[in-house]
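Below is start39.pdb, holding PDB, C-alpha atoms.
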ATOM      1  CA  MET U 287     -41.391 -21.076 -33.036  1.00  0.00           C
ATOM      2  CA  ARG U 288     -43.766 -23.221 -35.081  1.00  0.00           C
ATOM      3  CA  LEU U 289     -43.568 -26.957 -34.806  1.00  0.00           C
ATOM      4  CA  LYS U 290     -44.011 -28.699 -38.128  1.00  0.00           C
ATOM      5  CA  LEU U 291     -45.804 -31.959 -37.580  1.00  0.00           C
ATOM      6  CA  SER U 292     -45.641 -34.912 -39.878  1.00  0.00           C
ATOM      7  CA  MET U 293     -46.958 -38.450 -39.552  1.00  0.00           C
ATOM      8  CA  GLU U 294     -43.472 -39.536 -38.459  1.00  0.00           C
ATOM      9  CA  ASN U 295     -43.292 -37.303 -35.412  1.00  0.00           C
ATOM     10  CA  LEU U 296     -46.936 -37.591 -34.332  1.00  0.00           C
ATOM     11  CA  THR U 297     -45.976 -40.657 -32.334  1.00  0.00           C
ATOM     12  CA  THR U 298     -43.482 -38.596 -30.320  1.00  0.00           C
ATOM     13  CA  LEU U 299     -45.938 -35.996 -29.042  1.00  0.00           C
ATOM     14  CA  SER U 300     -45.604 -35.639 -25.279  1.00  0.00           C
ATOM     15  CA  GLY U 301     -48.399 -37.257 -23.332  1.00  0.00           C
ATOM     16  CA  VAL U 302     -49.814 -39.173 -26.317  1.00  0.00           C
ATOM     17  CA  GLN U 303     -49.997 -42.924 -26.752  1.00  0.00           C
ATOM     18  CA  THR U 304     -51.452 -44.708 -29.747  1.00  0.00           C
ATOM     19  CA  ALA U 305     -54.021 -47.401 -29.002  1.00  0.00           C
ATOM     20  CA  VAL U 306     -56.217 -49.708 -31.050  1.00  0.00           C
ATOM     21  CA  TYR U 307     -59.910 -50.469 -30.574  1.00  0.00           C
ATOM     22  CA  LYS U 308     -61.145 -54.050 -30.830  1.00  0.00           C
ATOM     23  CA  ASP U 309     -62.373 -53.303 -34.356  1.00  0.00           C
ATOM     24  CA  GLY U 310     -58.805 -52.410 -35.375  1.00  0.00           C
ATOM     25  CA  SER U 311     -59.261 -48.638 -35.628  1.00  0.00           C
ATOM     26  CA  THR U 312     -56.684 -46.356 -34.022  1.00  0.00           C
ATOM     27  CA  TYR U 313     -57.271 -43.812 -31.296  1.00  0.00           C
ATOM     28  CA  TYR U 314     -54.977 -41.729 -29.101  1.00  0.00           C
ATOM     29  CA  ARG U 315     -54.807 -41.641 -25.315  1.00  0.00           C
ATOM     30  CA  ALA U 316     -53.592 -38.590 -23.455  1.00  0.00           C
ATOM     31  CA  SER U 317     -52.000 -38.826 -20.018  1.00  0.00           C
ATOM     32  CA  ILE U 318     -49.709 -36.943 -17.689  1.00  0.00           C
ATOM     33  CA  THR U 319     -47.643 -37.868 -14.645  1.00  0.00           C
ATOM     34  CA  HIS U 320     -47.517 -35.476 -11.701  1.00  0.00           C
ATOM     35  CA  LYS U 321     -45.963 -36.144  -8.281  1.00  0.00           C
ATOM     36  CA  GLY U 322     -45.528 -39.792  -9.248  1.00  0.00           C
ATOM     37  CA  LYS U 323     -49.210 -40.226 -10.158  1.00  0.00           C
ATOM     38  CA  HIS U 324     -50.093 -41.270 -13.713  1.00  0.00           C
ATOM     39  CA  ILE U 325     -53.318 -39.498 -14.728  1.00  0.00           C
ATOM     40  CA  ALA U 326     -55.339 -40.551 -17.769  1.00  0.00           C
ATOM     41  CA  LEU U 327     -56.727 -37.465 -19.501  1.00  0.00           C
ATOM     42  CA  GLY U 328     -58.958 -39.054 -22.122  1.00  0.00           C
ATOM     43  CA  SER U 329     -59.148 -40.735 -25.505  1.00  0.00           C
ATOM     44  CA  TYR U 330     -59.137 -38.787 -28.764  1.00  0.00           C
ATOM     45  CA  ASP U 331     -59.656 -39.446 -32.453  1.00  0.00           C
ATOM     46  CA  ASN U 332     -56.455 -37.686 -33.483  1.00  0.00           C
ATOM     47  CA  PRO U 333     -53.037 -37.174 -31.917  1.00  0.00           C
ATOM     48  CA  MET U 334     -53.221 -33.383 -32.014  1.00  0.00           C
ATOM     49  CA  MET U 335     -56.271 -33.285 -29.743  1.00  0.00           C
ATOM     50  CA  ALA U 336     -54.625 -35.763 -27.363  1.00  0.00           C
ATOM     51  CA  HIS U 337     -51.506 -33.586 -27.272  1.00  0.00           C
ATOM     52  CA  ALA U 338     -53.645 -30.472 -26.705  1.00  0.00           C
ATOM     53  CA  ALA U 339     -55.222 -32.218 -23.686  1.00  0.00           C
ATOM     54  CA  TYR U 340     -51.741 -33.006 -22.343  1.00  0.00           C
ATOM     55  CA  LEU U 341     -50.608 -29.382 -22.799  1.00  0.00           C
ATOM     56  CA  GLU U 342     -53.747 -28.058 -21.100  1.00  0.00           C
ATOM     57  CA  ALA U 343     -53.237 -30.445 -18.168  1.00  0.00           C
ATOM     58  CA  ARG U 344     -49.605 -29.421 -17.845  1.00  0.00           C
ATOM     59  CA  GLY U 345     -50.643 -25.765 -17.906  1.00  0.00           C
ATOM     60  CA  ILE U 346     -53.179 -26.344 -15.123  1.00  0.00           C
ATOM     61  CA  ILE U 347     -50.699 -28.250 -12.981  1.00  0.00           C
ATOM     62  CA  GLU U 348     -47.882 -25.732 -13.473  1.00  0.00           C
ATOM     63  CA  ASN U 349     -49.962 -22.554 -13.117  1.00  0.00           C
ATOM     64  CA  SER U 350     -51.441 -22.145  -9.639  1.00  0.00           C
ATOM     65  CA  ALA U 351     -53.348 -19.076 -10.862  1.00  0.00           C
ATOM     66  CA  TRP U 352     -55.432 -21.223 -13.241  1.00  0.00           C
ATOM     67  CA  GLU U 353     -58.966 -21.621 -11.857  1.00  0.00           C
ATOM     68  CA  LEU U 354     -61.987 -23.600 -12.981  1.00  0.00           C
ATOM     69  CA  LYS U 355     -63.628 -20.383 -14.167  1.00  0.00           C
ATOM     70  CA  ASP U 356     -60.828 -20.239 -16.782  1.00  0.00           C
ATOM     71  CA  TRP U 357     -62.088 -23.432 -18.486  1.00  0.00           C
ATOM     72  CA  LYS U 358     -63.559 -22.939 -21.974  1.00  0.00           C
ATOM     73  CA  LYS U 359     -65.887 -25.200 -23.952  1.00  0.00           C
ATOM     74  CA  ASP U 360     -63.293 -25.556 -26.712  1.00  0.00           C
ATOM     75  CA  TYR U 361     -60.715 -27.113 -24.348  1.00  0.00           C
ATOM     76  CA  ALA U 362     -59.583 -30.604 -25.244  1.00  0.00           C
ATOM     77  CA  LEU U 363     -59.865 -31.489 -21.536  1.00  0.00           C
ATOM     78  CA  SER U 364     -63.294 -31.994 -20.055  1.00  0.00           C
ATOM     79  CA  PHE U 365     -64.386 -29.753 -17.215  1.00  0.00           C
ATOM     80  CA  GLN U 366     -64.538 -32.813 -14.963  1.00  0.00           C
ATOM     81  CA  LYS U 367     -60.904 -33.679 -15.665  1.00  0.00           C
ATOM     82  CA  CYS U 368     -59.910 -30.078 -14.896  1.00  0.00           C
ATOM     83  CA  VAL U 369     -61.632 -30.380 -11.490  1.00  0.00           C
ATOM     84  CA  ILE U 370     -59.581 -33.510 -10.783  1.00  0.00           C
ATOM     85  CA  LEU U 371     -56.333 -31.780 -11.806  1.00  0.00           C
ATOM     86  CA  VAL U 372     -57.042 -28.655  -9.724  1.00  0.00           C
ATOM     87  CA  ASN U 373     -57.731 -30.826  -6.658  1.00  0.00           C
ATOM     88  CA  PHE U 374     -54.473 -32.679  -7.142  1.00  0.00           C
ATOM     89  CA  ARG U 375     -52.504 -29.476  -7.730  1.00  0.00           C
ATOM     90  CA  ASP U 376     -53.996 -27.459  -4.855  1.00  0.00           C
ATOM     91  CA  GLN U 377     -54.863 -30.086  -2.245  1.00  0.00           C
ATOM     92  CA  GLY U 378     -52.408 -32.849  -3.112  1.00  0.00           C
ATOM     93  CA  VAL U 379     -55.341 -35.246  -3.290  1.00  0.00           C
ATOM     94  CA  TYR U 380     -56.136 -37.336  -6.359  1.00  0.00           C
ATOM     95  CA  ILE U 381     -59.816 -38.219  -6.563  1.00  0.00           C
ATOM     96  CA  GLY U 382     -60.922 -39.820  -9.822  1.00  0.00           C
ATOM     97  CA  THR U 383     -64.399 -38.307  -9.598  1.00  0.00           C
ATOM     98  CA  PRO U 384     -64.985 -34.581 -10.098  1.00  0.00           C
ATOM     99  CA  ILE U 385     -65.468 -33.330  -6.549  1.00  0.00           C
ATOM    100  CA  LEU U 386     -63.963 -29.903  -5.915  1.00  0.00           C
ATOM    101  CA  LEU U 387     -62.094 -29.612  -2.634  1.00  0.00           C
ATOM    102  CA  LYS U 388     -61.526 -26.135  -1.218  1.00  0.00           C
ATOM    103  CA  LYS U 389     -59.887 -25.254   2.037  1.00  0.00           C
ATOM    104  CA  ILE U 390     -61.723 -22.456   3.796  1.00  0.00           C
ATOM    105  CA  PHE U 391     -60.348 -21.475   7.180  1.00  0.00           C
ATOM    106  CA  SER U 392     -59.563 -24.802   8.842  1.00  0.00           C
ATOM    107  CA  TYR U 393     -62.309 -26.825   7.152  1.00  0.00           C
ATOM    108  CA  THR U 394     -62.341 -28.594   3.827  1.00  0.00           C
ATOM    109  CA  ILE U 395     -65.513 -28.009   1.857  1.00  0.00           C
ATOM    110  CA  CYS U 396     -66.582 -30.453  -0.847  1.00  0.00           C
ATOM    111  CA  HIS U 397     -68.598 -29.258  -3.823  1.00  0.00           C
ATOM    112  CA  ILE U 398     -70.053 -32.230  -5.635  1.00  0.00           C
ATOM    113  CA  MET U 399     -70.132 -31.614  -9.365  1.00  0.00           C
ATOM    114  CA  THR U 400     -73.183 -33.043 -11.079  1.00  0.00           C
ATOM    115  CA  PHE U 401     -73.393 -33.251 -14.830  1.00  0.00           C
TER     116      PHE U 401
END

Would you mind giving the structure from this file in structure tokens?
Amino acid sequence: MRLKLSMENLTTLSGVQTAVYKDGSTYYRASITHKGKHIALGSYDNPMMAHAAYLEARGIIENSAWELKDWKKDYALSFQKCVILVNFRDQGVYIGTPILLKKIFSYTICHIMTF
């Protein structure tokens, strides 16, 4: 099924909110809510990229098999945001900075991501 998008229905894309910069230009914010936590995914120049970020985030949250090694450079979501989403999905912990938490045996190991 192909979704035909027009300017009228761009404002109804899931996870996309229209915003305005101080200079009056429009941009689009992507966000998702998971387990009662509202997570900002980023700001984008067009609504389709913002919606793509939302869909990628939803896919990460809903698919426990998705791993950080699956991230591609052409994703709308940054690698850092994917780290945050994987932590929240797998560990139930929301940390706004990209620190990967992994449970190994009975210890939690932190991998600090530096960029």

Q) Residues picked by the PyMOL selection byres ((chain U and resi 335) around 12) here, as a PyMOL selection string? A) chain U and resi 296+299-303+313-317+327-334+336-342+360-363

Q: To one decimal in Å, tell me the separation between CA of Asn373 (chain U) and CA of Thr298 (chain U).
A: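 So the answer is 28.7 Å.
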
For the structure shown, which residues end up in the PyMOL selection byres ((chain U and resi 381) around 12)? Put them as a CSV table (one decimal) with C-alpha atoms, in the coordinates of the input, please?
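Result written to result_22.csv:
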chain,number,residue,atom,x,y,z
U,323,LYS,CA,-49.2,-40.2,-10.2
U,325,ILE,CA,-53.3,-39.5,-14.7
U,366,GLN,CA,-64.5,-32.8,-15.0
U,367,LYS,CA,-60.9,-33.7,-15.7
U,368,CYS,CA,-59.9,-30.1,-14.9
U,369,VAL,CA,-61.6,-30.4,-11.5
U,370,ILE,CA,-59.6,-33.5,-10.8
U,371,LEU,CA,-56.3,-31.8,-11.8
U,372,VAL,CA,-57.0,-28.7,-9.7
U,373,ASN,CA,-57.7,-30.8,-6.7
U,374,PHE,CA,-54.5,-32.7,-7.1
U,375,ARG,CA,-52.5,-29.5,-7.7
U,377,GLN,CA,-54.9,-30.1,-2.2
U,378,GLY,CA,-52.4,-32.8,-3.1
U,379,VAL,CA,-55.3,-35.2,-3.3
U,380,TYR,CA,-56.1,-37.3,-6.4
U,382,GLY,CA,-60.9,-39.8,-9.8
U,383,THR,CA,-64.4,-38.3,-9.6
U,384,PRO,CA,-65.0,-34.6,-10.1
U,385,ILE,CA,-65.5,-33.3,-6.5
U,386,LEU,CA,-64.0,-29.9,-5.9
U,387,LEU,CA,-62.1,-29.6,-2.6
U,396,CYS,CA,-66.6,-30.5,-0.8
U,398,ILE,CA,-70.1,-32.2,-5.6

**Q.** Which residue of U:Val306, U:Ile318, U:Ser311, U:Lys359 approaches Gly345 (chain U) most closely, using all atoms listed in the file
**A.**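 Comparing U:Val306, U:Ile318, U:Ser311, U:Lys359 against Gly345 (chain U), the winner is U:Ile318.
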
Step by step, gather every atom of region 318-335 of chain U that the file lists, find the box along x, y and z that holds them, add 3 Å on each side, and finally give centre and edge lengths in Å to one decimal, as JSON.
{"center_x": -52.6, "center_y": -37.3, "center_z": -20.9, "size_x": 20.1, "size_y": 14.0, "size_z": 31.2}

Q: For CA of His320 (chain U) and CA of Ala343 (chain U), determine how far apart the two atoms are, in Å to one decimal place.
A: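 Result for CA of His320 (chain U) versus CA of Ala343 (chain U): 10.0 Å, one decimal.
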
Q. In Å, with one decimal, what is the gap from CA of Leu354 (chain U) to CA of Thr304 (chain U)?
A.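 Here the two named atoms are 28.9 Å from each other.
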
Output as a PDB file, in the frame of the given file: region 353-372 of chain U, completed with N, CA, C and O atoms.
ATOM      1  N   GLU U 353     -57.790 -21.241 -12.637  1.00  0.00           N
ATOM      2  CA  GLU U 353     -58.966 -21.621 -11.857  1.00  0.00           C
ATOM      3  C   GLU U 353     -60.008 -22.253 -12.766  1.00  0.00           C
ATOM      4  O   GLU U 353     -59.965 -22.079 -13.991  1.00  0.00           O
ATOM      5  N   LEU U 354     -60.949 -22.939 -12.189  1.00  0.00           N
ATOM      6  CA  LEU U 354     -61.987 -23.600 -12.981  1.00  0.00           C
ATOM      7  C   LEU U 354     -62.779 -22.618 -13.823  1.00  0.00           C
ATOM      8  O   LEU U 354     -63.252 -22.971 -14.904  1.00  0.00           O
ATOM      9  N   LYS U 355     -62.912 -21.385 -13.370  1.00  0.00           N
ATOM     10  CA  LYS U 355     -63.628 -20.383 -14.167  1.00  0.00           C
ATOM     11  C   LYS U 355     -62.880 -20.059 -15.467  1.00  0.00           C
ATOM     12  O   LYS U 355     -63.456 -19.469 -16.378  1.00  0.00           O
ATOM     13  N   ASP U 356     -61.610 -20.471 -15.570  1.00  0.00           N
ATOM     14  CA  ASP U 356     -60.828 -20.239 -16.782  1.00  0.00           C
ATOM     15  C   ASP U 356     -61.108 -21.283 -17.874  1.00  0.00           C
ATOM     16  O   ASP U 356     -60.678 -21.119 -19.001  1.00  0.00           O
ATOM     17  N   TRP U 357     -61.797 -22.367 -17.526  1.00  0.00           N
ATOM     18  CA  TRP U 357     -62.088 -23.432 -18.486  1.00  0.00           C
ATOM     19  C   TRP U 357     -63.008 -22.904 -19.586  1.00  0.00           C
ATOM     20  O   TRP U 357     -63.923 -22.127 -19.321  1.00  0.00           O
ATOM     21  N   LYS U 358     -62.748 -23.325 -20.814  1.00  0.00           N
ATOM     22  CA  LYS U 358     -63.559 -22.939 -21.974  1.00  0.00           C
ATOM     23  C   LYS U 358     -64.115 -24.191 -22.650  1.00  0.00           C
ATOM     24  O   LYS U 358     -63.499 -25.253 -22.604  1.00  0.00           O
ATOM     25  N   LYS U 359     -65.241 -24.063 -23.290  1.00  0.00           N
ATOM     26  CA  LYS U 359     -65.887 -25.200 -23.952  1.00  0.00           C
ATOM     27  C   LYS U 359     -65.024 -25.810 -25.049  1.00  0.00           C
ATOM     28  O   LYS U 359     -65.179 -26.982 -25.378  1.00  0.00           O
ATOM     29  N   ASP U 360     -64.128 -25.025 -25.626  1.00  0.00           N
ATOM     30  CA  ASP U 360     -63.293 -25.556 -26.712  1.00  0.00           C
ATOM     31  C   ASP U 360     -62.008 -26.226 -26.214  1.00  0.00           C
ATOM     32  O   ASP U 360     -61.161 -26.628 -27.006  1.00  0.00           O
ATOM     33  N   TYR U 361     -61.863 -26.391 -24.887  1.00  0.00           N
ATOM     34  CA  TYR U 361     -60.715 -27.113 -24.348  1.00  0.00           C
ATOM     35  C   TYR U 361     -60.778 -28.578 -24.781  1.00  0.00           C
ATOM     36  O   TYR U 361     -61.863 -29.156 -24.888  1.00  0.00           O
ATOM     37  N   ALA U 362     -59.645 -29.171 -24.978  1.00  0.00           N
ATOM     38  CA  ALA U 362     -59.583 -30.604 -25.244  1.00  0.00           C
ATOM     39  C   ALA U 362     -59.926 -31.386 -23.981  1.00  0.00           C
ATOM     40  O   ALA U 362     -60.512 -32.463 -24.049  1.00  0.00           O
ATOM     41  N   LEU U 363     -59.562 -30.843 -22.822  1.00  0.00           N
ATOM     42  CA  LEU U 363     -59.865 -31.489 -21.536  1.00  0.00           C
ATOM     43  C   LEU U 363     -61.301 -31.199 -21.126  1.00  0.00           C
ATOM     44  O   LEU U 363     -61.780 -30.071 -21.260  1.00  0.00           O
ATOM     45  N   SER U 364     -61.952 -32.203 -20.574  1.00  0.00           N
ATOM     46  CA  SER U 364     -63.294 -31.994 -20.055  1.00  0.00           C
ATOM     47  C   SER U 364     -63.213 -31.161 -18.776  1.00  0.00           C
ATOM     48  O   SER U 364     -62.178 -31.126 -18.090  1.00  0.00           O
ATOM     49  N   PHE U 365     -64.321 -30.518 -18.442  1.00  0.00           N
ATOM     50  CA  PHE U 365     -64.386 -29.753 -17.215  1.00  0.00           C
ATOM     51  C   PHE U 365     -64.134 -30.658 -16.008  1.00  0.00           C
ATOM     52  O   PHE U 365     -63.418 -30.295 -15.074  1.00  0.00           O
ATOM     53  N   GLN U 366     -64.701 -31.865 -16.056  1.00  0.00           N
ATOM     54  CA  GLN U 366     -64.538 -32.813 -14.963  1.00  0.00           C
ATOM     55  C   GLN U 366     -63.071 -33.150 -14.731  1.00  0.00           C
ATOM     56  O   GLN U 366     -62.609 -33.236 -13.595  1.00  0.00           O
ATOM     57  N   LYS U 367     -62.327 -33.355 -15.805  1.00  0.00           N
ATOM     58  CA  LYS U 367     -60.904 -33.679 -15.665  1.00  0.00           C
ATOM     59  C   LYS U 367     -60.138 -32.481 -15.099  1.00  0.00           C
ATOM     60  O   LYS U 367     -59.207 -32.647 -14.308  1.00  0.00           O
ATOM     61  N   CYS U 368     -60.546 -31.278 -15.459  1.00  0.00           N
ATOM     62  CA  CYS U 368     -59.910 -30.078 -14.896  1.00  0.00           C
ATOM     63  C   CYS U 368     -60.143 -29.998 -13.390  1.00  0.00           C
ATOM     64  O   CYS U 368     -59.237 -29.618 -12.641  1.00  0.00           O
ATOM     65  N   VAL U 369     -61.339 -30.363 -12.927  1.00  0.00           N
ATOM     66  CA  VAL U 369     -61.632 -30.380 -11.490  1.00  0.00           C
ATOM     67  C   VAL U 369     -60.666 -31.327 -10.788  1.00  0.00           C
ATOM     68  O   VAL U 369     -60.076 -30.994  -9.749  1.00  0.00           O
ATOM     69  N   ILE U 370     -60.478 -32.507 -11.360  1.00  0.00           N
ATOM     70  CA  ILE U 370     -59.581 -33.510 -10.783  1.00  0.00           C
ATOM     71  C   ILE U 370     -58.151 -32.973 -10.705  1.00  0.00           C
ATOM     72  O   ILE U 370     -57.467 -33.127  -9.691  1.00  0.00           O
ATOM     73  N   LEU U 371     -57.697 -32.315 -11.774  1.00  0.00           N
ATOM     74  CA  LEU U 371     -56.333 -31.780 -11.806  1.00  0.00           C
ATOM     75  C   LEU U 371     -56.139 -30.643 -10.803  1.00  0.00           C
ATOM     76  O   LEU U 371     -55.102 -30.560 -10.143  1.00  0.00           O
ATOM     77  N   VAL U 372     -57.136 -29.770 -10.681  1.00  0.00           N
ATOM     78  CA  VAL U 372     -57.042 -28.655  -9.724  1.00  0.00           C
ATOM     79  C   VAL U 372     -56.991 -29.199  -8.296  1.00  0.00           C
ATOM     80  O   VAL U 372     -56.211 -28.720  -7.473  1.00  0.00           O
TER      81      VAL U 372
END
